[in-house]
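Note: the block below is input-v7.tsv and it holds TSV, C-alpha atoms and all ligand atoms.
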```tsv
chain	number	residue	atom	x	y	z
J	1167	MET	CA	-45.21	-38.05	39.56
J	1168	THR	CA	-43.24	-41.15	38.70
J	1169	ASP	CA	-46.38	-42.52	37.36
J	1170	LYS	CA	-46.78	-39.61	35.05
J	1171	ASN	CA	-43.22	-39.75	33.75
J	1172	ASN	CA	-43.45	-43.34	32.81
J	1173	LYS	CA	-46.45	-42.92	30.72
J	1174	ILE	CA	-46.17	-42.72	27.04
J	1175	PRO	CA	-48.64	-40.08	26.00
J	1176	PHE	CA	-49.41	-41.46	22.62
J	1177	ASN	CA	-47.93	-43.57	19.97
J	1178	GLU	CA	-45.45	-41.61	18.00
J	1179	ASP	CA	-42.35	-42.05	15.96
J	1180	ASN	CA	-40.74	-38.73	16.58
J	1181	TYR	CA	-39.86	-36.96	19.76
J	1182	THR	CA	-40.26	-33.39	18.69
J	1183	HIS	CA	-44.01	-33.08	18.97
J	1184	ASN	CA	-43.66	-30.67	21.85
J	1185	ILE	CA	-41.32	-28.26	20.08
J	1186	ASN	CA	-43.40	-25.52	18.66
J	1187	ARG	CA	-41.46	-23.55	16.13
J	1188	ASN	CA	-44.20	-21.03	15.87
J	1189	ASN	CA	-43.46	-20.37	12.23
J	1190	GLU	CA	-40.17	-18.81	13.13
J	1191	ARG	CA	-38.62	-19.87	9.89
J	1192	LYS	CA	-41.29	-18.41	7.79
J	1193	LEU	CA	-40.23	-15.21	6.09
J	1194	ASP	CA	-43.26	-13.03	6.49
J	1195	ARG	CA	-43.69	-9.43	5.55
J	1196	ARG	CA	-42.45	-8.18	8.91
J	1197	GLY	CA	-39.38	-10.38	8.88
J	1198	PHE	CA	-38.57	-9.32	5.37
J	1199	MET	CA	-38.80	-5.67	6.34
J	1200	LYS	CA	-36.52	-6.31	9.30
J	1201	THR	CA	-33.98	-7.81	6.94
J	1202	LEU	CA	-34.17	-4.79	4.71
J	1203	VAL	CA	-33.66	-2.41	7.63
J	1204	GLY	CA	-30.71	-4.51	8.72
J	1205	ALA	CA	-29.23	-4.29	5.24
J	1206	ALA	CA	-29.61	-0.51	5.34
J	1207	GLY	CA	-27.77	-0.55	8.65
J	1208	VAL	CA	-24.93	-2.57	7.20
J	1209	PHE	CA	-24.64	-0.14	4.31
J	1210	ALA	CA	-24.63	2.79	6.71
J	1211	VAL	CA	-21.92	1.34	8.92
J	1212	SER	CA	-19.77	0.25	6.01
J	1213	SER	CA	-19.77	3.71	4.48
J	1214	LEU	CA	-18.33	5.26	7.62
J	1215	PRO	CA	-14.68	4.34	6.92
J	1216	TRP	CA	-14.94	5.74	3.39
J	1217	GLY	CA	-16.23	9.00	4.76
J	1218	VAL	CA	-13.46	9.13	7.33
J	1219	LEU	CA	-10.76	8.40	4.75
J	1220	ALA	CA	-12.18	11.01	2.40
J	1221	ALA	CA	-12.29	13.58	5.19
J	1222	LYS	CA	-8.66	12.79	6.00
J	1223	GLU	CA	-7.65	13.31	2.40
J	1224	LEU	CA	-9.54	16.59	2.29
J	1225	ASN	CA	-7.69	17.80	5.34
J	1226	GLY	CA	-4.46	17.17	3.49
J	1227	LEU	CA	-3.31	14.51	5.90
J	1228	GLY	CA	-2.84	12.15	2.97
J	1229	ASP	CA	-0.51	14.61	1.29
J	1230	LYS	CA	2.58	14.39	3.37
J	1231	LYS	CA	4.60	17.53	3.71
J	1232	TYR	CA	8.36	17.34	3.64
J	1233	PRO	CA	10.68	20.19	4.45
J	1234	LYS	CA	12.28	21.50	1.29
J	1235	GLN	CA	15.75	20.30	0.76
J	1236	LYS	CA	18.60	21.76	-1.20
J	1237	ILE	CA	19.86	19.38	-3.89
J	1238	THR	CA	22.62	21.26	-5.63
J	1239	ASP	CA	23.70	24.60	-7.04
J	1240	VAL	CA	22.61	25.51	-10.53
J	1241	LYS	CA	26.21	26.36	-11.40
J	1242	SER	CA	27.53	22.92	-10.61
J	1243	LEU	CA	24.99	21.12	-12.78
J	1244	PRO	CA	25.52	21.59	-16.53
J	1245	ILE	CA	22.64	21.06	-18.92
J	1246	GLY	CA	22.13	17.38	-19.63
J	1247	ASP	CA	23.78	16.22	-16.46
J	1248	ALA	CA	22.31	14.48	-13.49
J	1249	VAL	CA	23.03	14.41	-9.80
J	1250	GLU	CA	21.95	11.92	-7.20
J	1251	PHE	CA	20.49	12.90	-3.88
J	1252	SER	CA	18.07	11.47	-1.38
J	1253	PHE	CA	14.61	12.72	-0.66
J	1254	PRO	CA	12.54	12.76	1.50
J	1255	GLY	CA	14.38	10.30	3.75
J	1256	GLU	CA	18.08	9.64	3.67
J	1257	HIS	CA	17.47	6.17	2.23
J	1258	ASP	CA	15.12	7.30	-0.55
J	1259	SER	CA	17.63	7.77	-3.30
J	1260	ALA	CA	16.63	10.12	-6.05
J	1261	ILE	CA	18.02	11.65	-9.20
J	1262	LEU	CA	17.87	15.19	-10.52
J	1263	ILE	CA	18.34	15.77	-14.23
J	1264	ARG	CA	18.80	19.14	-15.86
J	1265	LEU	CA	17.15	18.94	-19.26
J	1266	SER	CA	17.60	22.54	-20.36
J	1267	GLU	CA	18.44	25.95	-19.04
J	1268	GLU	CA	15.20	26.12	-17.10
J	1269	LYS	CA	13.87	22.61	-17.00
J	1270	TYR	CA	14.72	20.26	-14.18
J	1271	VAL	CA	13.14	16.89	-13.46
J	1272	ALA	CA	13.65	14.71	-10.43
J	1273	TYR	CA	12.50	11.21	-9.62
J	1274	GLN	CA	12.98	8.75	-6.86
J	1275	ASN	CA	15.26	6.45	-8.73
J	1276	ALA	CA	14.49	3.10	-7.14
J	1277	CYS	CA	13.27	1.13	-10.14
J	1278	THR	CA	9.61	0.26	-9.92
J	1279	HIS	CA	10.45	-3.28	-10.90
J	1280	LEU	CA	12.82	-4.50	-8.19
J	1281	ARG	CA	14.21	-1.26	-6.82
J	1282	CYS	CA	17.59	-1.17	-8.51
J	1283	PRO	CA	18.93	2.36	-8.87
J	1284	VAL	CA	17.94	3.89	-12.17
J	1285	PHE	CA	20.56	6.11	-13.77
J	1286	TRP	CA	20.56	8.79	-16.43
J	1287	LYS	CA	22.07	7.85	-19.73
J	1288	LYS	CA	22.99	11.19	-21.17
J	1289	ASP	CA	23.86	10.23	-24.73
J	1290	GLU	CA	20.70	8.21	-25.20
J	1291	GLY	CA	18.47	10.63	-23.36
J	1292	GLU	CA	16.73	8.07	-21.26
J	1293	MET	CA	16.75	6.68	-17.77
J	1294	LEU	CA	18.03	3.17	-17.60
J	1295	CYS	CA	17.82	0.47	-14.99
J	1296	PRO	CA	20.92	-1.75	-15.05
J	1297	CYS	CA	19.31	-4.81	-13.51
J	1298	HIS	CA	16.87	-5.90	-16.21
J	1299	HIS	CA	17.20	-3.10	-18.69
J	1300	GLY	CA	14.10	-1.22	-17.71
J	1301	LYS	CA	13.80	2.19	-19.32
J	1302	PHE	CA	11.92	5.26	-18.23
J	1303	ASP	CA	10.87	8.38	-20.03
J	1304	VAL	CA	12.85	11.27	-18.68
J	1305	GLU	CA	10.05	13.81	-19.09
J	1306	THR	CA	7.38	11.93	-17.19
J	1307	GLY	CA	9.04	9.02	-15.42
J	1308	ALA	CA	6.76	6.62	-17.28
J	1309	PRO	CA	8.22	3.20	-18.07
J	1310	THR	CA	9.02	2.77	-21.75
J	1311	ALA	CA	10.74	-0.59	-21.93
J	1312	GLY	CA	11.59	-3.63	-19.91
J	1313	PRO	CA	9.88	-5.11	-16.90
J	1314	PRO	CA	8.78	-2.00	-14.95
J	1315	ARG	CA	5.08	-1.23	-15.22
J	1316	ARG	CA	4.72	1.79	-12.96
J	1317	PRO	CA	6.21	5.25	-13.36
J	1318	LEU	CA	8.98	6.50	-11.13
J	1319	PRO	CA	7.64	8.75	-8.37
J	1320	GLU	CA	8.24	12.31	-9.41
J	1321	ILE	CA	9.80	14.81	-7.05
J	1322	TYR	CA	8.78	18.45	-7.35
J	1323	VAL	CA	11.73	20.78	-7.65
J	1324	LYS	CA	12.06	24.52	-7.35
J	1325	VAL	CA	14.91	26.80	-8.35
J	1326	GLU	CA	15.65	29.61	-5.93
J	1327	ASN	CA	18.65	31.97	-5.81
J	1328	GLY	CA	20.86	29.75	-7.88
J	1329	SER	CA	20.08	26.52	-6.04
J	1330	VAL	CA	17.75	23.64	-6.80
J	1331	TYR	CA	15.43	22.48	-4.04
J	1332	ALA	CA	13.27	19.38	-3.69
J	1333	VAL	CA	9.91	20.45	-2.29
J	1334	GLY	CA	7.63	17.42	-2.45
J	1335	VAL	CA	6.81	14.03	-3.86
J	1336	LYS	CA	4.07	13.58	-6.37
J	1337	ARG	CA	1.29	11.36	-5.10
J	1338	TYR	CA	1.15	7.95	-6.64
J	1339	GLU	CA	-1.82	7.55	-8.94
J	1340	ALA	CA	-2.79	4.15	-10.19
X	434	MET	CA	-50.70	-4.71	-4.39
X	435	LYS	CA	-52.17	-4.39	-0.97
X	436	ARG	CA	-51.75	-1.18	0.91
X	437	SER	CA	-49.79	-3.02	3.54
X	438	TYR	CA	-46.99	-3.63	1.08
X	439	VAL	CA	-46.28	0.04	0.51
X	440	SER	CA	-43.66	0.11	3.23
X	441	VAL	CA	-42.03	-3.00	1.82
X	442	ALA	CA	-41.76	-1.29	-1.54
X	443	LEU	CA	-40.33	1.79	0.15
X	444	LEU	CA	-37.73	-0.29	1.94
X	445	LEU	CA	-36.77	-1.95	-1.29
X	446	ALA	CA	-36.34	1.50	-2.80
X	447	VAL	CA	-34.10	2.43	0.14
X	448	LEU	CA	-32.00	-0.65	-0.44
X	449	PHE	CA	-31.71	0.21	-4.11
X	450	MET	CA	-30.57	3.71	-3.19
X	451	ASN	CA	-28.05	2.19	-0.77
X	452	ILE	CA	-26.49	0.13	-3.52
X	453	ILE	CA	-26.29	3.03	-5.96
X	454	VAL	CA	-24.93	5.48	-3.40
X	455	THR	CA	-22.36	2.98	-2.16
X	456	GLN	CA	-21.00	2.36	-5.60
X	457	PHE	CA	-20.96	6.07	-6.32
X	458	MET	CA	-19.10	6.64	-3.07
X	459	VAL	CA	-16.40	4.09	-3.77
X	460	HIS	CA	-15.86	5.32	-7.31
X	461	GLN	CA	-15.70	8.94	-6.28
X	462	TYR	CA	-13.15	7.99	-3.65
X	463	PHE	CA	-10.85	6.47	-6.21
X	464	TYR	CA	-11.42	9.38	-8.56
X	465	GLU	CA	-10.22	11.51	-5.65
X	466	ASN	CA	-13.40	13.57	-5.46
X	467	TYR	CA	-13.45	13.44	-1.72
X	468	THR	CA	-16.31	15.88	-1.19
X	469	ASN	CA	-18.59	13.67	-3.26
X	470	THR	CA	-17.41	10.67	-1.26
X	471	ILE	CA	-18.41	12.32	1.99
X	472	VAL	CA	-21.79	13.41	0.60
X	473	ALA	CA	-22.49	9.84	-0.49
X	474	ALA	CA	-21.41	8.45	2.86
X	475	VAL	CA	-23.74	10.86	4.68
X	476	ILE	CA	-26.64	9.87	2.42
X	477	ASN	CA	-25.91	6.22	3.13
X	478	VAL	CA	-25.92	6.83	6.87
X	479	ILE	CA	-29.13	8.86	6.75
X	480	LEU	CA	-30.87	6.12	4.76
X	481	PHE	CA	-30.63	3.81	7.76
X	482	PRO	CA	-32.83	5.81	10.18
X	483	ALA	CA	-35.13	6.47	7.24
X	484	ALA	CA	-35.45	2.74	6.66
X	485	PHE	CA	-36.07	2.23	10.36
X	486	LEU	CA	-38.87	4.82	10.38
X	487	ILE	CA	-40.48	3.24	7.34
X	488	TYR	CA	-40.36	-0.11	9.09
X	489	LYS	CA	-41.92	1.28	12.27
X	490	LYS	CA	-44.72	2.94	10.34
X	491	GLY	CA	-45.41	-0.14	8.27
X	492	VAL	CA	-45.56	-2.40	11.29
X	493	LYS	CA	-47.85	-0.11	13.26
X	494	ILE	CA	-50.42	0.35	10.55
X	495	ASN	CA	-50.75	-3.23	9.50
X	496	ASP	CA	-50.46	-5.45	12.52
B	1	LIG	S1	14.95	-3.74	-11.23
B	1	LIG	FE1	14.84	-2.26	-12.79
B	1	LIG	S2	14.31	-3.45	-14.48
B	1	LIG	FE2	14.32	-4.93	-12.91
```

Once more with this new file: its structure as structure tokens, please.
Ligand code: FES
Amino acid sequence: MTDKNNKIPFNEDNYTHNINRNNERKLDRRGFMKTLVGAAGVFAVSSLPWGVLAAKELNGLGDKKYPKQKITDVKSLPIGDAVEFSFPGEHDSAILIRLSEEKYVAYQNACTHLRCPVFWKKDEGEMLCPCHHGKFDVETGAPTAGPPRRPLPEIYVKVENGSVYAVGVKRYEA
Amino acid sequence: MKRSYVSVALLLAVLFMNIIVTQFMVHQYFYENYTNTIVAAVINVILFPAAFLIYKKGVKIND
């Protein structure tokens, strides 16, 4: 035994002669096909979350429902005036503007720049942010001037028996 | 092309489908066509067992 261990089998300058890699690094047809199947598996697994998210959206879970909330009475809001309220939470300040006899618009009035409260400038017919002079279009909530780039989130309103109600928030679309 | 490479070609076709379907899925998601998104996701999932079957067949026949 000792005898055997002390023998040098043959003259060599590397010590890896007994490691047989058996062509394991060679990419043969079978290995290539395995890779392709694996790739298909990765694709399959990675599409699962998309499917789940889409199913959620379809079930309406993405569209949050808020209880409708009375904002004000029609009588107490003359045409061209605005009133502040909060919707859906008590810290989500919002503004309701009466544009004409029938037409009401409401937005969450935290400026989309740095969240200063946007107010309604009646004589100029636009919504103005006092902080950096951002302006928003009153019909759509789209930014028209200044730093803001995104529209104000619109709140759906409904008029019922002489009162104005907030019924929902429009989903943000990029 | 040897006959033994048919399954390789099929697998490559599967991979190609995977890429197309995935991109379709993501785009449809952002376009908010959620039904299309789910259809694409299901196709993508089904392609995997299909690829596996192709692999099995190809291996059995040729070695
Ligand atoms: S916070 Fe409204 S413009 Fe900057």

Exercise for the section: Dump as an MDAnalysis selection string the residues of chain J that approach chain X to within 10 Å, counting only C-alpha atoms. Expected result: chainID J and resid 1195:1196 1198:1224 1339:1340

Exercise for the section: Please check which protein, DNA or RNA residues sit within 8 Å of ligand LIG 1 (chain B), counting all atoms listed in the file, and write them as a list of chain:residue names. Expected result: J:Ala1276, J:Cys1277, J:Thr1278, J:His1279, J:Leu1280, J:Arg1281, J:Cys1282, J:Pro1283, J:Val1284, J:Leu1294, J:Cys1295, J:Pro1296, J:Cys1297, J:His1298, J:His1299, J:Gly1300, J:Lys1301, J:Gly1312, J:Pro1313, J:Pro1314

Would you mind exporting C-alpha atoms of the selected residues as a compact mmCIF listing (two decimals), in the coordinates of the input?
```
# COMPACT_ATOMS: atom_id res chain seq x y z
CA ALA J 1276 14.49 3.10 -7.14
CA CYS J 1277 13.27 1.13 -10.14
CA THR J 1278 9.61 0.26 -9.92
CA HIS J 1279 10.45 -3.28 -10.90
CA LEU J 1280 12.82 -4.50 -8.19
CA ARG J 1281 14.21 -1.26 -6.82
CA CYS J 1282 17.59 -1.17 -8.51
CA PRO J 1283 18.93 2.36 -8.87
CA VAL J 1284 17.94 3.89 -12.17
CA LEU J 1294 18.03 3.17 -17.60
CA CYS J 1295 17.82 0.47 -14.99
CA PRO J 1296 20.92 -1.75 -15.05
CA CYS J 1297 19.31 -4.81 -13.51
CA HIS J 1298 16.87 -5.90 -16.21
CA HIS J 1299 17.20 -3.10 -18.69
CA GLY J 1300 14.10 -1.22 -17.71
CA LYS J 1301 13.80 2.19 -19.32
CA GLY J 1312 11.59 -3.63 -19.91
CA PRO J 1313 9.88 -5.11 -16.90
CA PRO J 1314 8.78 -2.00 -14.95
```

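Residues surrounding region 1262-1271 of chain J within 6 Å are Ile1245, Gly1246, Asp1247, Ala1248 and Val1249 of chain J [all atoms listed in the file; sequence separation below 5 positions excluded].
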
Exercise for the section: Mind giving me the straight-line distance from CA of Asn1327 (chain J) to CA of Gly1307 (chain J) in Å, one decimal? Expected result: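 Between these atoms lies a distance of 26.7 Å.
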
Practice task
Could you jot down the CA of Ala1308 (chain J) to CA of Val1240 (chain J) separation for me, Å, one decimal place?
Solution key: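 These two atoms are separated by 25.6 Å.
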
Practice task
Work out how far apart CA of Ile1237 (chain J) and CA of His1257 (chain J) are and give it in Å to one decimal.
Solution key: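 Calculated distance between CA of Ile1237 (chain J) and CA of His1257 (chain J) is 14.8 Å.
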
How big is the axis-aligned box around all listed atoms of region 479-494 of chain X once 3 Å goes on each side, and where's its centre, in Å to one decimal, as JSON?
```
{"center_x": -39.8, "center_y": 3.2, "center_z": 9.0, "size_x": 27.3, "size_y": 17.3, "size_z": 14.5}
```
